[in-house]
file my_file-v1.cif (mmCIF, C-alpha atoms)
data_entry
loop_
_atom_site.group_PDB
_atom_site.id
_atom_site.type_symbol
_atom_site.label_atom_id
_atom_site.label_comp_id
_atom_site.auth_asym_id
_atom_site.auth_seq_id
_atom_site.Cartn_x
_atom_site.Cartn_y
_atom_site.Cartn_z
ATOM 1 C CA MET W 1 -16.916 24.370 -43.869
ATOM 2 C CA ILE W 2 -13.845 22.593 -45.219
ATOM 3 C CA PHE W 3 -12.765 24.106 -48.541
ATOM 4 C CA GLN W 4 -9.637 23.033 -50.407
ATOM 5 C CA GLY W 5 -8.503 23.619 -53.979
ATOM 6 C CA LEU W 6 -6.121 21.705 -56.242
ATOM 7 C CA SER W 7 -4.767 22.630 -59.660
ATOM 8 C CA VAL W 8 -4.827 19.455 -61.740
ATOM 9 C CA GLY W 9 -3.809 18.241 -65.176
ATOM 10 C CA ALA W 10 -1.999 19.749 -68.133
ATOM 11 C CA MET W 11 -4.598 22.508 -68.428
ATOM 12 C CA ASP W 12 -4.282 23.511 -64.749
ATOM 13 C CA SER W 13 -7.959 23.055 -64.003
ATOM 14 C CA ASN W 14 -9.079 23.837 -60.483
ATOM 15 C CA CYS W 15 -10.666 20.994 -58.542
ATOM 16 C CA TYR W 16 -12.362 21.883 -55.265
ATOM 17 C CA ILE W 17 -13.055 19.694 -52.251
ATOM 18 C CA ILE W 18 -15.846 20.795 -49.931
ATOM 19 C CA GLY W 19 -16.578 19.159 -46.611
ATOM 20 C CA CYS W 20 -18.598 19.376 -43.420
ATOM 21 C CA ARG W 21 -16.512 19.390 -40.246
ATOM 22 C CA GLU W 22 -19.355 17.971 -38.165
ATOM 23 C CA THR W 23 -20.489 15.059 -40.362
ATOM 24 C CA LYS W 24 -17.287 14.530 -42.416
ATOM 25 C CA GLU W 25 -19.427 14.334 -45.537
ATOM 26 C CA GLY W 26 -17.672 15.716 -48.628
ATOM 27 C CA ALA W 27 -18.120 16.740 -52.233
ATOM 28 C CA ILE W 28 -15.660 17.088 -55.101
ATOM 29 C CA VAL W 29 -16.141 19.771 -57.746
ATOM 30 C CA ASP W 30 -14.602 19.218 -61.196
ATOM 31 C CA PRO W 31 -12.196 16.258 -60.904
ATOM 32 C CA GLY W 32 -10.414 17.170 -64.122
ATOM 33 C CA ALA W 33 -7.270 15.018 -63.778
ATOM 34 C CA ASP W 34 -4.828 13.576 -61.245
ATOM 35 C CA ALA W 35 -7.327 11.283 -59.539
ATOM 36 C CA LYS W 36 -4.736 9.938 -57.089
ATOM 37 C CA ARG W 37 -3.886 13.468 -55.856
ATOM 38 C CA ILE W 38 -7.548 14.293 -55.417
ATOM 39 C CA LEU W 39 -8.269 11.081 -53.530
ATOM 40 C CA LYS W 40 -5.190 11.546 -51.317
ATOM 41 C CA LYS W 41 -6.392 15.028 -50.354
ATOM 42 C CA VAL W 42 -9.832 13.620 -49.540
ATOM 43 C CA GLU W 43 -8.199 10.945 -47.379
ATOM 44 C CA ASP W 44 -6.024 13.528 -45.596
ATOM 45 C CA LEU W 45 -9.134 15.575 -44.835
ATOM 46 C CA GLY W 46 -10.939 12.523 -43.498
ATOM 47 C CA LEU W 47 -13.973 13.017 -45.731
ATOM 48 C CA ASN W 48 -16.573 10.596 -47.014
ATOM 49 C CA VAL W 49 -17.296 11.897 -50.511
ATOM 50 C CA ARG W 50 -20.894 11.308 -51.525
ATOM 51 C CA THR W 51 -21.208 13.835 -54.334
ATOM 52 C CA ILE W 52 -19.217 14.861 -57.413
ATOM 53 C CA ILE W 53 -20.404 18.144 -58.914
ATOM 54 C CA LEU W 54 -19.447 19.230 -62.416
ATOM 55 C CA THR W 55 -19.581 22.902 -63.335
ATOM 56 C CA HIS W 56 -19.714 21.836 -66.987
ATOM 57 C CA GLY W 57 -18.829 18.892 -69.195
ATOM 58 C CA HIS W 58 -15.529 19.722 -70.888
ATOM 59 C CA VAL W 59 -12.720 17.165 -70.750
ATOM 60 C CA ASP W 60 -10.428 19.261 -68.554
ATOM 61 C CA HIS W 61 -13.088 19.207 -65.820
ATOM 62 C CA ILE W 62 -14.180 15.570 -66.083
ATOM 63 C CA GLY W 63 -10.945 13.778 -66.983
ATOM 64 C CA ALA W 64 -10.616 11.967 -63.631
ATOM 65 C CA LEU W 65 -14.339 11.542 -63.084
ATOM 66 C CA ALA W 66 -14.553 7.802 -63.714
ATOM 67 C CA GLU W 67 -11.636 6.946 -61.411
ATOM 68 C CA VAL W 68 -12.798 9.248 -58.620
ATOM 69 C CA GLN W 69 -16.375 7.984 -58.853
ATOM 70 C CA GLU W 70 -15.250 4.370 -58.752
ATOM 71 C CA ALA W 71 -13.084 5.005 -55.696
ATOM 72 C CA THR W 72 -15.716 6.937 -53.746
ATOM 73 C CA GLY W 73 -19.038 5.568 -54.966
ATOM 74 C CA ALA W 74 -20.252 9.162 -55.142
ATOM 75 C CA GLN W 75 -23.185 10.362 -57.198
ATOM 76 C CA VAL W 76 -22.367 12.551 -60.216
ATOM 77 C CA LEU W 77 -24.286 15.801 -60.676
ATOM 78 C CA ILE W 78 -24.303 18.001 -63.779
ATOM 79 C CA HIS W 79 -26.734 20.505 -65.262
ATOM 80 C CA ALA W 80 -29.296 18.942 -67.577
ATOM 81 C CA GLU W 81 -28.097 21.026 -70.537
ATOM 82 C CA ASP W 82 -24.588 19.509 -70.294
ATOM 83 C CA ALA W 83 -25.630 15.932 -69.487
ATOM 84 C CA ASP W 84 -24.835 14.507 -72.916
ATOM 85 C CA MET W 85 -21.264 15.808 -72.714
ATOM 86 C CA LEU W 86 -20.445 13.002 -70.279
ATOM 87 C CA THR W 87 -21.260 10.290 -72.793
ATOM 88 C CA ASP W 88 -20.117 11.928 -76.044
ATOM 89 C CA TYR W 89 -16.396 12.482 -76.656
ATOM 90 C CA ASN W 90 -17.161 14.970 -79.427
ATOM 91 C CA LYS W 91 -19.201 17.167 -77.117
ATOM 92 C CA ASN W 92 -16.794 17.013 -74.163
ATOM 93 C CA LEU W 93 -13.944 17.869 -76.591
ATOM 94 C CA SER W 94 -11.759 14.922 -75.602
ATOM 95 C CA VAL W 95 -11.767 13.885 -79.266
ATOM 96 C CA TYR W 96 -9.348 16.773 -79.852
ATOM 97 C CA VAL W 97 -6.885 16.003 -77.050
ATOM 98 C CA GLY W 98 -7.199 12.223 -76.593
ATOM 99 C CA PRO W 99 -7.856 9.734 -75.241
ATOM 100 C CA MET W 100 -11.511 9.954 -76.201
ATOM 101 C CA LEU W 101 -13.510 10.116 -72.996
ATOM 102 C CA GLU W 102 -16.935 8.597 -72.451
ATOM 103 C CA SER W 103 -18.293 8.485 -68.906
ATOM 104 C CA LYS W 104 -21.418 7.009 -67.364
ATOM 105 C CA PRO W 105 -24.562 9.155 -67.413
ATOM 106 C CA ALA W 106 -25.006 11.471 -64.445
ATOM 107 C CA ASP W 107 -26.934 10.320 -61.396
ATOM 108 C CA ARG W 108 -28.695 13.658 -60.951
ATOM 109 C CA LEU W 109 -29.428 16.415 -63.440
ATOM 110 C CA LEU W 110 -29.273 19.890 -61.967
ATOM 111 C CA GLN W 111 -31.420 22.945 -62.595
ATOM 112 C CA ASP W 112 -31.060 26.562 -61.548
ATOM 113 C CA GLY W 113 -31.853 27.038 -57.870
ATOM 114 C CA ASP W 114 -31.252 23.435 -56.844
ATOM 115 C CA ILE W 115 -29.727 22.859 -53.420
ATOM 116 C CA ILE W 116 -26.969 20.292 -52.950
ATOM 117 C CA LYS W 117 -26.494 19.099 -49.373
ATOM 118 C CA VAL W 118 -22.973 18.488 -48.115
ATOM 119 C CA GLY W 119 -23.411 17.461 -44.512
ATOM 120 C CA ASN W 120 -24.807 20.499 -42.705
ATOM 121 C CA HIS W 121 -24.014 22.844 -45.593
ATOM 122 C CA ASP W 122 -26.162 23.834 -48.559
ATOM 123 C CA LEU W 123 -24.683 24.614 -51.975
ATOM 124 C CA GLU W 124 -26.949 26.565 -54.319
ATOM 125 C CA VAL W 125 -26.808 25.977 -58.066
ATOM 126 C CA LEU W 126 -26.698 29.031 -60.330
ATOM 127 C CA HIS W 127 -27.205 28.318 -64.014
ATOM 128 C CA THR W 128 -24.573 30.511 -65.712
ATOM 129 C CA PRO W 129 -24.543 29.489 -69.385
ATOM 130 C CA GLY W 130 -22.295 30.964 -72.050
ATOM 131 C CA HIS W 131 -19.153 28.838 -71.866
ATOM 132 C CA THR W 132 -21.442 25.834 -72.286
ATOM 133 C CA LYS W 133 -25.230 25.613 -72.348
ATOM 134 C CA GLY W 134 -25.326 23.947 -68.963
ATOM 135 C CA GLY W 135 -22.523 25.762 -67.188
ATOM 136 C CA ILE W 136 -23.162 26.350 -63.503
ATOM 137 C CA SER W 137 -21.698 28.268 -60.603
ATOM 138 C CA LEU W 138 -22.049 27.244 -56.957
ATOM 139 C CA VAL W 139 -22.878 29.423 -53.987
ATOM 140 C CA CYS W 140 -21.054 27.979 -50.979
ATOM 141 C CA GLY W 141 -22.049 29.545 -47.689
ATOM 142 C CA GLN W 142 -22.077 33.299 -47.242
ATOM 143 C CA ASP W 143 -18.967 34.354 -49.095
ATOM 144 C CA ILE W 144 -17.780 31.793 -51.668
ATOM 145 C CA LEU W 145 -18.643 31.404 -55.343
ATOM 146 C CA ILE W 146 -17.251 28.614 -57.503
ATOM 147 C CA THR W 147 -17.600 29.928 -61.046
ATOM 148 C CA GLY W 148 -16.258 27.144 -63.273
ATOM 149 C CA ASP W 149 -15.202 28.523 -66.640
ATOM 150 C CA THR W 150 -17.667 31.413 -66.523
ATOM 151 C CA LEU W 151 -15.642 34.045 -64.641
ATOM 152 C CA PHE W 152 -11.879 34.191 -64.071
ATOM 153 C CA ALA W 153 -9.573 36.667 -62.371
ATOM 154 C CA GLY W 154 -9.377 39.477 -64.910
ATOM 155 C CA SER W 155 -11.022 37.456 -67.655
ATOM 156 C CA VAL W 156 -14.049 35.417 -68.696
ATOM 157 C CA GLY W 157 -14.584 31.978 -70.166
ATOM 158 C CA ARG W 158 -14.241 31.118 -73.820
ATOM 159 C CA SER W 159 -17.414 31.106 -75.853
ATOM 160 C CA ASP W 160 -16.130 29.773 -79.169
ATOM 161 C CA PHE W 161 -16.753 26.101 -78.394
ATOM 162 C CA PRO W 162 -19.973 24.388 -79.535
ATOM 163 C CA GLY W 163 -22.855 25.592 -77.383
ATOM 164 C CA GLY W 164 -21.012 28.738 -76.328
ATOM 165 C CA SER W 165 -22.322 32.293 -76.532
ATOM 166 C CA HIS W 166 -20.344 35.374 -75.530
ATOM 167 C CA LYS W 167 -23.514 37.437 -75.146
ATOM 168 C CA GLN W 168 -25.020 34.812 -72.871
ATOM 169 C CA LEU W 169 -21.774 34.474 -70.909
ATOM 170 C CA ILE W 170 -21.555 38.198 -70.150
ATOM 171 C CA ALA W 171 -25.250 38.261 -69.215
ATOM 172 C CA SER W 172 -24.696 35.346 -66.816
ATOM 173 C CA ILE W 173 -21.839 37.173 -65.122
ATOM 174 C CA LYS W 174 -23.529 40.552 -64.898
ATOM 175 C CA ASN W 175 -26.985 39.302 -63.940
ATOM 176 C CA ARG W 176 -26.149 36.273 -61.795
ATOM 177 C CA LEU W 177 -22.674 36.732 -60.300
ATOM 178 C CA LEU W 178 -22.001 40.439 -59.926
ATOM 179 C CA LYS W 179 -25.089 40.835 -57.735
ATOM 180 C CA TYR W 180 -23.158 39.270 -54.849
ATOM 181 C CA PRO W 181 -21.358 41.510 -52.319
ATOM 182 C CA PRO W 182 -17.909 42.808 -53.333
ATOM 183 C CA GLU W 183 -16.167 40.790 -50.620
ATOM 184 C CA THR W 184 -17.499 37.507 -52.039
ATOM 185 C CA LYS W 185 -14.574 35.232 -52.888
ATOM 186 C CA VAL W 186 -14.536 33.843 -56.441
ATOM 187 C CA PHE W 187 -12.910 30.469 -57.090
ATOM 188 C CA PRO W 188 -12.744 29.905 -60.862
ATOM 189 C CA GLY W 189 -12.167 26.835 -63.001
ATOM 190 C CA HIS W 190 -8.630 27.975 -63.879
ATOM 191 C CA GLY W 191 -6.196 30.417 -62.339
ATOM 192 C CA PRO W 192 -6.113 32.259 -59.010
ATOM 193 C CA ARG W 193 -9.011 33.217 -56.801
ATOM 194 C CA THR W 194 -10.421 36.696 -56.985
ATOM 195 C CA SER W 195 -13.446 38.563 -55.623
ATOM 196 C CA ILE W 196 -16.630 40.041 -56.985
ATOM 197 C CA GLY W 197 -15.402 43.524 -56.061
ATOM 198 C CA GLU W 198 -12.133 43.052 -57.957
ATOM 199 C CA GLU W 199 -13.921 41.849 -61.080
ATOM 200 C CA ARG W 200 -16.472 44.655 -60.978
ATOM 201 C CA ARG W 201 -13.668 47.224 -60.850
ATOM 202 C CA TYR W 202 -10.948 45.775 -63.037
ATOM 203 C CA ASN W 203 -12.194 43.030 -65.358
ATOM 204 C CA PRO W 204 -11.897 44.536 -68.860
ATOM 205 C CA PHE W 205 -14.517 42.185 -70.318
ATOM 206 C CA LEU W 206 -17.207 43.531 -67.988
ATOM 207 C CA ARG W 207 -16.937 47.234 -68.749
#
call {"tool": "encode", "arguments": {"input": "my_file-v1.cif", "output": "structure tokens"}}
result
Amino acid sequence: MIFQGLSVGAMDSNCYIIGCRETKEGAIVDPGADAKRILKKVEDLGLNVRTIILTHGHVDHIGALAEVQEATGAQVLIHAEDADMLTDYNKNLSVYVGPMLESKPADRLLQDGDIIKVGNHDLEVLHTPGHTKGGISLVCGQDILITGDTLFAGSVGRSDFPGGSHKQLIASIKNRLLKYPPETKVFPGHGPRTSIGEERRYNPFLR
């Protein structure tokens, strides 16, 4: 599996590019900003991006969505509970940071347990609400979790935005994410990578 990360935009959101070495099919997770950088990385990797996956619908994770979708022709996937955030600048919070962002509706609405094909690889959708109602994490292969703004290195996502719930967020982490082996690599929506073992031992929000 090809797996590359980029920190993009003023909020340093993590965008991930996933690809299949055999078929050269690719997917982009959370194109939050800097569309040209993202597309250049895709070109350098020689990938044909067919899918854009959004871990949730906040502006710092969808800011470059329209430009990346137009350039690639890829389908946009988001959990059903966050679908209206794409088309409502109040709900995606861009009304507070400008310019107000309204995107096209998603091409596919995700549910817990869905499988997203990227060439010969399967990505499993985990519904991990709490930061938003439709927040998801992605299981990539045997040892990679993309956690969006649910779990960070030494921290957890905010729950004070509309649709957020700290109780639900902690339950998502403890019941859905911490069940994975300690060596599982965690790639969050902001900040450095970590592991399930590190967060079990040291994350102060999970004690």
call {"tool": "atom_distance", "arguments": {"input": "my_file-v1.cif", "atom1": "atom CA of Gly32 of chain W", "atom2": "atom CA of Lys174 of chain W"}}
result
26.8 Å
call {"tool": "residues_near_point", "arguments": {"input": "my_file-v1.cif", "point": "(-21.4, 12.9, -47.6)", "cutoff": "9 Å", "atoms": "only C-alpha atoms", "output": "PDB file with C-alpha atoms, in the frame of the given file"}}
result
ATOM      1  CA  GLY W  19     -16.578  19.159 -46.611  1.00  0.00           C
ATOM      2  CA  CYS W  20     -18.598  19.376 -43.420  1.00  0.00           C
ATOM      3  CA  THR W  23     -20.489  15.059 -40.362  1.00  0.00           C
ATOM      4  CA  LYS W  24     -17.287  14.530 -42.416  1.00  0.00           C
ATOM      5  CA  GLU W  25     -19.427  14.334 -45.537  1.00  0.00           C
ATOM      6  CA  GLY W  26     -17.672  15.716 -48.628  1.00  0.00           C
ATOM      7  CA  ALA W  27     -18.120  16.740 -52.233  1.00  0.00           C
ATOM      8  CA  LEU W  47     -13.973  13.017 -45.731  1.00  0.00           C
ATOM      9  CA  ASN W  48     -16.573  10.596 -47.014  1.00  0.00           C
ATOM     10  CA  VAL W  49     -17.296  11.897 -50.511  1.00  0.00           C
ATOM     11  CA  ARG W  50     -20.894  11.308 -51.525  1.00  0.00           C
ATOM     12  CA  THR W  51     -21.208  13.835 -54.334  1.00  0.00           C
ATOM     13  CA  ALA W  74     -20.252   9.162 -55.142  1.00  0.00           C
ATOM     14  CA  LYS W 117     -26.494  19.099 -49.373  1.00  0.00           C
ATOM     15  CA  VAL W 118     -22.973  18.488 -48.115  1.00  0.00           C
ATOM     16  CA  GLY W 119     -23.411  17.461 -44.512  1.00  0.00           C
TER      17      GLY W 119
END
call {"tool": "resolve_selection", "arguments": {"input": "my_file-v1.cif", "expression": "the PyMOL selection byres ((chain W and resi 160-165) around 9)", "output": "number ranges by chain"}}
result
W: 91, 93, 129-134, 158-159, 166-170
call {"tool": "closest_residue", "arguments": {"input": "my_file-v1.cif", "among": "W:Ser195, W:Asn92, W:Asn203, W:Thr128", "to": "Ile144 of chain W", "atoms": "only C-alpha atoms"}}
result
W:Ser195
call {"tool": "residues_near_point", "arguments": {"input": "my_file-v1.cif", "point": "(-18.8, 5.9, -69.8)", "cutoff": "10 Å", "atoms": "only C-alpha atoms", "output": "list in words"}}
result
Leu65, Ala66, Leu86, Thr87, Asp88, Tyr89, Leu101, Glu102, Ser103, Lys104, Pro105 and Ala106 of chain W
call {"tool": "resolve_selection", "arguments": {"input": "my_file-v1.cif", "expression": "the PyMOL selection byres ((chain W and resi 8) around 6)", "output": "list in words"}}
result
Ser7, Gly9, Asp12, Ser13, Ala33 and Asp34 of chain W
call {"tool": "resolve_selection", "arguments": {"input": "my_file-v1.cif", "expression": "the PyMOL selection byres ((chain W and resi 142) around 10)", "output": "CSV table (one decimal) with C-alpha atoms, keeping the file's coordinate frame"}}
result
chain,number,residue,atom,x,y,z
W,139,VAL,CA,-22.9,29.4,-54.0
W,140,CYS,CA,-21.1,28.0,-51.0
W,141,GLY,CA,-22.0,29.5,-47.7
W,143,ASP,CA,-19.0,34.4,-49.1
W,144,ILE,CA,-17.8,31.8,-51.7
W,145,LEU,CA,-18.6,31.4,-55.3
W,180,TYR,CA,-23.2,39.3,-54.8
W,181,PRO,CA,-21.4,41.5,-52.3
W,184,THR,CA,-17.5,37.5,-52.0
W,185,LYS,CA,-14.6,35.2,-52.9
call {"tool": "atom_distance", "arguments": {"input": "my_file-v1.cif", "atom1": "atom CA of His127 of chain W", "atom2": "atom CA of His79 of chain W"}}
result
7.9 Å
call {"tool": "residues_around", "arguments": {"input": "my_file-v1.cif", "residues": "segment 146-156 of chain W", "least_positions_apart": "3", "cutoff": "10 Å", "atoms": "only C-alpha atoms", "output": "MDAnalysis selection string"}}
result
chainID W and resid 13:16 29:30 54:56 58 61 125:126 128:132 135:140 159 166 169:170 172:173 177 185:196 198:206
call {"tool": "atom_distance", "arguments": {"input": "my_file-v1.cif", "atom1": "atom CA of Leu39 of chain W", "atom2": "atom CA of Ala10 of chain W"}}
result
18.1 Å
call {"tool": "closest_residue", "arguments": {"input": "my_file-v1.cif", "among": "W:Ile53, W:Met100, W:Ala71, W:Arg37", "to": "Ala83 of chain W", "atoms": "only C-alpha atoms"}}
result
W:Ile53
call {"tool": "closest_residue", "arguments": {"input": "my_file-v1.cif", "among": "W:Leu6, W:Gly63, W:Gln75, W:Met85", "to": "Val42 of chain W", "atoms": "all atoms listed in the file"}}
result
W:Leu6
call {"tool": "residues_around", "arguments": {"input": "my_file-v1.cif", "residues": "Val68 of chain W", "least_positions_apart": "5", "cutoff": "9 Å", "atoms": "only C-alpha atoms", "output": "ChimeraX atom specification"}}
result
/W:31,35-36,38-39,52,73-74
call {"tool": "closest_residue", "arguments": {"input": "my_file-v1.cif", "among": "W:Ile115, W:Leu178, W:Ile2, W:Ala171", "to": "Leu77 of chain W", "atoms": "all atoms listed in the file"}}
result
W:Ile115
call {"tool": "axis_aligned_box", "arguments": {"input": "my_file-v1.cif", "around": "segment 138-146 of chain W", "padding_each_side": "8 Å", "output": "AutoDock Vina command-line options"}}
result
--center_x -20.1 --center_y 30.8 --center_z -52.4 --size_x 21.6 --size_y 23.1 --size_z 26.3
call {"tool": "build_atoms", "arguments": {"input": "my_file-v1.cif", "residues": "segment 154-186 of chain W", "atoms": "N, CA and C atoms", "output": "mmCIF file, in the frame of the given file"}}
result
data_model
loop_
_atom_site.group_PDB
_atom_site.id
_atom_site.type_symbol
_atom_site.label_atom_id
_atom_site.label_comp_id
_atom_site.auth_asym_id
_atom_site.auth_seq_id
_atom_site.Cartn_x
_atom_site.Cartn_y
_atom_site.Cartn_z
ATOM 1 N N GLY W 154 -9.748 38.596 -63.810
ATOM 2 C CA GLY W 154 -9.377 39.477 -64.910
ATOM 3 C C GLY W 154 -9.793 39.006 -66.280
ATOM 4 N N SER W 155 -10.628 37.983 -66.360
ATOM 5 C CA SER W 155 -11.022 37.456 -67.655
ATOM 6 C C SER W 155 -12.363 36.749 -67.536
ATOM 7 N N VAL W 156 -12.806 36.189 -68.657
ATOM 8 C CA VAL W 156 -14.049 35.417 -68.696
ATOM 9 C C VAL W 156 -13.797 34.160 -69.519
ATOM 10 N N GLY W 157 -14.736 33.237 -69.456
ATOM 11 C CA GLY W 157 -14.584 31.978 -70.166
ATOM 12 C C GLY W 157 -14.683 32.135 -71.676
ATOM 13 N N ARG W 158 -14.122 31.162 -72.363
ATOM 14 C CA ARG W 158 -14.241 31.118 -73.820
ATOM 15 C C ARG W 158 -15.689 30.824 -74.208
ATOM 16 N N SER W 159 -16.058 31.346 -75.359
ATOM 17 C CA SER W 159 -17.414 31.106 -75.853
ATOM 18 C C SER W 159 -17.411 30.617 -77.293
ATOM 19 N N ASP W 160 -16.247 30.199 -77.782
ATOM 20 C CA ASP W 160 -16.130 29.773 -79.169
ATOM 21 C C ASP W 160 -16.225 28.263 -79.347
ATOM 22 N N PHE W 161 -16.505 27.530 -78.276
ATOM 23 C CA PHE W 161 -16.753 26.101 -78.394
ATOM 24 C C PHE W 161 -18.223 25.867 -78.743
ATOM 25 N N PRO W 162 -18.563 24.680 -79.256
ATOM 26 C CA PRO W 162 -19.973 24.388 -79.535
ATOM 27 C C PRO W 162 -20.847 24.609 -78.294
ATOM 28 N N GLY W 163 -21.962 25.293 -78.490
ATOM 29 C CA GLY W 163 -22.855 25.592 -77.383
ATOM 30 C C GLY W 163 -22.520 26.861 -76.633
ATOM 31 N N GLY W 164 -21.418 27.515 -77.009
ATOM 32 C CA GLY W 164 -21.012 28.738 -76.328
ATOM 33 C C GLY W 164 -21.663 29.971 -76.921
ATOM 34 N N SER W 165 -21.765 31.012 -76.097
ATOM 35 C CA SER W 165 -22.322 32.293 -76.532
ATOM 36 C C SER W 165 -21.721 33.393 -75.676
ATOM 37 N N HIS W 166 -20.960 34.293 -76.298
ATOM 38 C CA HIS W 166 -20.344 35.374 -75.530
ATOM 39 C C HIS W 166 -21.411 36.284 -74.916
ATOM 40 N N LYS W 167 -22.438 36.580 -75.665
ATOM 41 C CA LYS W 167 -23.514 37.437 -75.146
ATOM 42 C C LYS W 167 -24.156 36.809 -73.915
ATOM 43 N N GLN W 168 -24.419 35.519 -73.996
ATOM 44 C CA GLN W 168 -25.020 34.812 -72.871
ATOM 45 C C GLN W 168 -24.066 34.737 -71.687
ATOM 46 N N LEU W 169 -22.781 34.539 -71.965
ATOM 47 C CA LEU W 169 -21.774 34.474 -70.909
ATOM 48 C C LEU W 169 -21.718 35.771 -70.119
ATOM 49 N N ILE W 170 -21.629 36.902 -70.827
ATOM 50 C CA ILE W 170 -21.555 38.198 -70.150
ATOM 51 C C ILE W 170 -22.828 38.463 -69.371
ATOM 52 N N ALA W 171 -23.977 38.090 -69.933
ATOM 53 C CA ALA W 171 -25.250 38.261 -69.215
ATOM 54 C C ALA W 171 -25.268 37.424 -67.942
ATOM 55 N N SER W 172 -24.753 36.193 -68.011
ATOM 56 C CA SER W 172 -24.696 35.346 -66.816
ATOM 57 C C SER W 172 -23.859 35.996 -65.719
ATOM 58 N N ILE W 173 -22.719 36.545 -66.113
ATOM 59 C CA ILE W 173 -21.839 37.173 -65.122
ATOM 60 C C ILE W 173 -22.488 38.409 -64.524
ATOM 61 N N LYS W 174 -22.982 39.281 -65.387
ATOM 62 C CA LYS W 174 -23.529 40.552 -64.898
ATOM 63 C C LYS W 174 -24.820 40.368 -64.110
ATOM 64 N N ASN W 175 -25.671 39.446 -64.559
ATOM 65 C CA ASN W 175 -26.985 39.302 -63.940
ATOM 66 C C ASN W 175 -27.025 38.304 -62.794
ATOM 67 N N ARG W 176 -26.095 37.329 -62.813
ATOM 68 C CA ARG W 176 -26.149 36.273 -61.795
ATOM 69 C C ARG W 176 -25.028 36.371 -60.772
ATOM 70 N N LEU W 177 -23.826 36.775 -61.198
ATOM 71 C CA LEU W 177 -22.674 36.732 -60.300
ATOM 72 C C LEU W 177 -22.348 38.081 -59.670
ATOM 73 N N LEU W 178 -22.407 39.130 -60.456
ATOM 74 C CA LEU W 178 -22.001 40.439 -59.926
ATOM 75 C C LEU W 178 -22.987 41.018 -58.928
ATOM 76 N N LYS W 179 -24.115 40.372 -58.733
ATOM 77 C CA LYS W 179 -25.089 40.835 -57.735
ATOM 78 C C LYS W 179 -24.623 40.520 -56.310
ATOM 79 N N TYR W 180 -23.620 39.644 -56.185
ATOM 80 C CA TYR W 180 -23.158 39.270 -54.849
ATOM 81 C C TYR W 180 -22.265 40.367 -54.269
ATOM 82 N N PRO W 181 -22.146 40.443 -52.949
ATOM 83 C CA PRO W 181 -21.358 41.510 -52.319
ATOM 84 C C PRO W 181 -19.915 41.521 -52.807
ATOM 85 N N PRO W 182 -19.276 42.687 -52.803
ATOM 86 C CA PRO W 182 -17.909 42.808 -53.333
ATOM 87 C C PRO W 182 -16.899 41.922 -52.625
ATOM 88 N N GLU W 183 -17.129 41.610 -51.368
ATOM 89 C CA GLU W 183 -16.167 40.790 -50.620
ATOM 90 C C GLU W 183 -16.308 39.297 -50.928
ATOM 91 N N THR W 184 -17.294 38.914 -51.717
ATOM 92 C CA THR W 184 -17.499 37.507 -52.039
ATOM 93 C C THR W 184 -16.277 36.957 -52.776
ATOM 94 N N LYS W 185 -15.748 35.855 -52.276
ATOM 95 C CA LYS W 185 -14.574 35.232 -52.888
ATOM 96 C C LYS W 185 -15.001 34.424 -54.107
ATOM 97 N N VAL W 186 -14.259 34.553 -55.193
ATOM 98 C CA VAL W 186 -14.536 33.843 -56.441
ATOM 99 C C VAL W 186 -13.436 32.813 -56.674
#
